[in-house]
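As stored in structure_21.cif (mmCIF, C-alpha atoms and all ligand atoms):
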data_data
loop_
_atom_site.group_PDB
_atom_site.id
_atom_site.type_symbol
_atom_site.label_atom_id
_atom_site.label_comp_id
_atom_site.auth_asym_id
_atom_site.auth_seq_id
_atom_site.Cartn_x
_atom_site.Cartn_y
_atom_site.Cartn_z
ATOM 1 C CA MET A 458 72.914 17.210 -81.089
ATOM 2 C CA SER A 459 72.411 18.724 -77.690
ATOM 3 C CA SER A 460 75.387 18.582 -75.377
ATOM 4 C CA SER A 461 73.325 18.170 -72.243
ATOM 5 C CA LEU A 462 71.020 15.356 -71.288
ATOM 6 C CA SER A 463 67.997 15.503 -69.072
ATOM 7 C CA ALA A 464 67.924 13.427 -65.903
ATOM 8 C CA ALA A 465 65.331 11.166 -67.522
ATOM 9 C CA GLU A 466 67.517 10.589 -70.559
ATOM 10 C CA ILE A 467 70.516 9.756 -68.394
ATOM 11 C CA GLU A 468 68.432 7.319 -66.371
ATOM 12 C CA GLU A 469 67.068 5.697 -69.507
ATOM 13 C CA ARG A 470 70.548 5.212 -70.928
ATOM 14 C CA ILE A 471 71.916 3.817 -67.680
ATOM 15 C CA GLU A 472 69.156 1.214 -67.721
ATOM 16 C CA LYS A 473 70.469 0.021 -71.077
ATOM 17 C CA ASP A 474 74.030 -0.247 -69.807
ATOM 18 C CA SER A 475 74.376 -3.747 -68.435
ATOM 19 C CA GLY A 476 78.097 -3.527 -67.645
ATOM 20 C CA PRO A 477 79.396 -4.261 -64.133
ATOM 21 C CA LEU A 478 79.421 -1.296 -61.736
ATOM 22 C CA ASN A 479 83.007 -1.900 -60.633
ATOM 23 C CA GLU A 480 84.330 -1.940 -64.190
ATOM 24 C CA LYS A 481 86.492 0.999 -65.247
ATOM 25 C CA VAL A 482 85.113 3.394 -67.793
ATOM 26 C CA ILE A 483 86.751 6.495 -69.208
ATOM 27 C CA VAL A 484 85.685 10.091 -69.131
ATOM 28 C CA LYS A 485 87.102 12.675 -71.499
ATOM 29 C CA ARG A 486 89.061 15.465 -69.908
ATOM 30 C CA SER A 487 87.295 18.624 -70.787
ATOM 31 C CA THR A 488 86.418 22.035 -69.502
ATOM 32 C CA ALA A 489 84.171 21.927 -66.469
ATOM 33 C CA GLY A 490 80.554 21.115 -66.973
ATOM 34 C CA THR A 491 80.694 19.786 -70.516
ATOM 35 C CA ARG A 492 81.220 16.123 -69.772
ATOM 36 C CA THR A 493 77.963 14.228 -70.026
ATOM 37 C CA VAL A 494 78.942 10.704 -71.005
ATOM 38 C CA TYR A 495 81.361 7.974 -70.025
ATOM 39 C CA HIS A 496 83.011 5.637 -72.496
ATOM 40 C CA ASN A 497 84.019 2.000 -72.760
ATOM 41 C CA ALA A 498 87.571 1.812 -71.387
ATOM 42 C CA ASP A 499 88.561 -1.190 -73.487
ATOM 43 C CA ASP A 500 87.160 0.004 -76.763
ATOM 44 C CA PRO A 501 86.301 3.707 -76.708
ATOM 45 C CA CYS A 502 84.543 5.259 -79.685
ATOM 46 C CA TYR A 503 87.153 7.988 -80.029
ATOM 47 C CA ASN A 504 90.930 8.123 -80.194
ATOM 48 C CA VAL A 505 91.976 8.573 -76.575
ATOM 49 C CA ASP A 506 95.502 9.631 -77.509
ATOM 50 C CA ALA A 507 94.344 12.274 -79.944
ATOM 51 C CA THR A 508 92.151 14.345 -77.650
ATOM 52 C CA GLY A 509 94.996 16.745 -76.901
ATOM 53 C CA TYR A 510 94.683 16.841 -73.130
ATOM 54 C CA ARG A 511 98.002 16.307 -71.400
ATOM 55 C CA ALA A 512 96.724 13.978 -68.718
ATOM 56 C CA GLY A 513 94.652 11.760 -70.991
ATOM 57 C CA PRO A 514 91.204 10.506 -70.105
ATOM 58 C CA GLU A 515 90.110 9.993 -66.529
ATOM 59 C CA ARG A 516 89.502 6.382 -65.506
ATOM 60 C CA ILE A 517 86.765 5.852 -62.951
ATOM 61 C CA THR A 518 84.359 3.054 -62.193
ATOM 62 C CA ARG A 519 80.983 2.874 -63.878
ATOM 63 C CA LYS A 520 79.379 3.349 -60.482
ATOM 64 C CA GLU A 521 81.325 6.549 -59.891
ATOM 65 C CA ALA A 522 80.468 7.842 -63.342
ATOM 66 C CA GLN A 523 76.777 7.226 -62.750
ATOM 67 C CA GLU A 524 76.980 8.922 -59.370
ATOM 68 C CA ARG A 525 78.397 11.977 -61.120
ATOM 69 C CA GLY A 526 75.314 12.062 -63.316
ATOM 70 C CA LEU A 527 77.068 10.862 -66.450
ATOM 71 C CA ALA A 528 75.302 8.707 -69.035
ATOM 72 C CA PRO A 529 76.771 5.762 -70.937
ATOM 73 C CA CYS A 530 78.031 6.686 -74.404
ATOM 74 C CA ARG A 531 75.760 5.634 -77.240
ATOM 75 C CA GLY A 532 78.741 5.108 -79.506
ATOM 76 C CA CYS A 533 80.764 2.607 -77.528
ATOM 77 C CA ILE A 534 78.603 1.298 -74.680
ATOM 78 C CA ILE A 535 74.923 1.190 -75.578
ATOM 79 C CA GLY A 536 75.441 1.203 -79.331
ATOM 80 C CA ARG A 537 77.400 -2.028 -79.265
ATOM 81 C CA GLU A 538 74.370 -3.888 -78.026
ATOM 82 C CA ILE A 539 72.311 -2.850 -81.028
ATOM 83 C CA PRO A 540 74.427 -3.626 -84.109
ATOM 84 C CA GLU A 541 72.668 -1.425 -86.640
ATOM 85 C CA THR A 542 75.063 -2.119 -89.483
ATOM 86 C CA LYS A 543 74.422 -5.838 -89.232
ATOM 87 C CA ASP A 544 70.669 -5.368 -89.349
ATOM 88 C CA ASN A 545 71.109 -3.112 -92.308
ATOM 89 C CA GLU A 546 73.190 -5.687 -94.156
ATOM 90 C CA LEU A 547 70.538 -8.333 -93.586
ATOM 91 C CA TYR A 548 67.943 -5.943 -94.949
ATOM 92 C CA GLU A 549 70.071 -5.281 -98.021
ATOM 93 C CA ARG A 550 70.512 -9.000 -98.623
ATOM 94 C CA ALA A 551 66.790 -9.608 -98.274
ATOM 95 C CA LYS A 552 66.082 -6.817 -100.730
ATOM 96 C CA HIS A 553 68.397 -8.297 -103.380
ATOM 97 C CA PHE A 554 67.404 -11.888 -102.792
ATOM 98 C CA ASP A 555 66.224 -13.669 -105.936
ATOM 99 C CA PRO A 556 64.980 -17.241 -105.376
ATOM 100 C CA ASP A 557 65.859 -18.177 -108.974
ATOM 101 C CA VAL A 558 69.493 -17.179 -108.488
ATOM 102 C CA HIS A 559 70.251 -17.524 -104.810
ATOM 103 C CA ASP A 560 70.008 -20.557 -102.565
ATOM 104 C CA SER A 561 70.124 -18.494 -99.390
ATOM 105 C CA LEU A 562 70.552 -14.918 -98.206
ATOM 106 C CA ALA A 563 74.267 -15.637 -97.756
ATOM 107 C CA ASP A 564 74.606 -16.069 -101.545
ATOM 108 C CA VAL A 565 73.384 -12.576 -102.284
ATOM 109 C CA ASP A 566 76.196 -10.425 -103.624
ATOM 110 C CA LEU A 567 75.819 -6.950 -102.133
ATOM 111 C CA GLY A 568 78.525 -5.528 -104.376
ATOM 112 C CA GLY A 569 76.656 -6.397 -107.557
ATOM 113 C CA THR A 570 75.590 -3.805 -110.114
ATOM 114 C CA ASP A 571 71.948 -3.620 -111.012
HETATM 115 ZN ZN ZN B 601 82.012 6.520 -76.492
#

Mind converting the file's structure to structure tokens?
Amino acid sequence: MSSSLSAAEIEERIEKDSGPLNEKVIVKRSTAGTRTVYHNADDPCYNVDATGYRAGPERITRKEAQERGLAPCRGCIIGREIPETKDNELYERAKHFDPDVHDSLADVDLGGTD
């Protein structure tokens, strides 16, 4: 994983972030120049209290973060809009579906041993 994003990548990610511009987001405190993303303030993808910085994360508005050239985090902002695990579960159910045994996909037991 590269730690820096191109301007085009940042722009592309911001387009996928539909959150309100005046909503607070959080930015990890870090050494200068290494911050590239902002996180969901209500449900960040990392443990805010465990980052080890005395002051904790910085809280700024989404608008301010975007003006600083930061991109929305794929883990807790963009990622939430594309629930991959759910799609994967549906795929697993479809794969194990047996019309002789199951009435619907919901009846498929994913924990079964083949
Ligand atoms: Zn995040």

Exercise answer, 7 Å around ligand ZN 601 (chain B) with only C-alpha atoms and all ligand atoms, as a PyMOL selection string = chain A and resi 495-497+501-503+530-534

Keeping only C-alpha atoms, take the residues you just selected and write them out as a PDB file, in the coordinates of the input.
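Contents of the output file again.pdb:
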ATOM      1  CA  TYR A 495      81.361   7.974 -70.025  1.00  0.00           C
ATOM      2  CA  HIS A 496      83.011   5.637 -72.496  1.00  0.00           C
ATOM      3  CA  ASN A 497      84.019   2.000 -72.760  1.00  0.00           C
ATOM      4  CA  PRO A 501      86.301   3.707 -76.708  1.00  0.00           C
ATOM      5  CA  CYS A 502      84.543   5.259 -79.685  1.00  0.00           C
ATOM      6  CA  TYR A 503      87.153   7.988 -80.029  1.00  0.00           C
ATOM      7  CA  CYS A 530      78.031   6.686 -74.404  1.00  0.00           C
ATOM      8  CA  ARG A 531      75.760   5.634 -77.240  1.00  0.00           C
ATOM      9  CA  GLY A 532      78.741   5.108 -79.506  1.00  0.00           C
ATOM     10  CA  CYS A 533      80.764   2.607 -77.528  1.00  0.00           C
ATOM     11  CA  ILE A 534      78.603   1.298 -74.680  1.00  0.00           C
TER      12      ILE A 534
END

Residues matched by the PyMOL selection byres (((chain A and resi 520) around 12) and not hetatm) as a ChimeraX atom specification = /A:471,474-483,495,516-519,521-529

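Across the model, the gap from atom CA of Ile535 of chain A to atom CA of Lys473 of chain A is 6.4 Å.
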
key: Pick from A:Ala551, A:Val565, A:Val494, A:Gly513 nearest to Glu466 of chain A, counting all atoms listed in the file   = A:Val494

query = What is the atom CA of Arg486 of chain A to atom CA of Ile467 of chain A distance in Å?
reply =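 Atom-to-atom, atom CA of Arg486 of chain A and atom CA of Ile467 of chain A are spaced 19.5 Å apart.
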
task = Can you work out which one of A:Asp555, A:Ser463, A:Arg550, A:Asp499 has the shortest atom-to-atom distance to Leu567 of chain A, counting only C-alpha atoms?
result =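 Comparing A:Asp555, A:Ser463, A:Arg550, A:Asp499 against Leu567 of chain A, the winner is A:Arg550.
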
remark   = Pairwise distance, atom CA of Tyr548 of chain A with atom CA of Asp560 of chain A, equals 16.6 Å
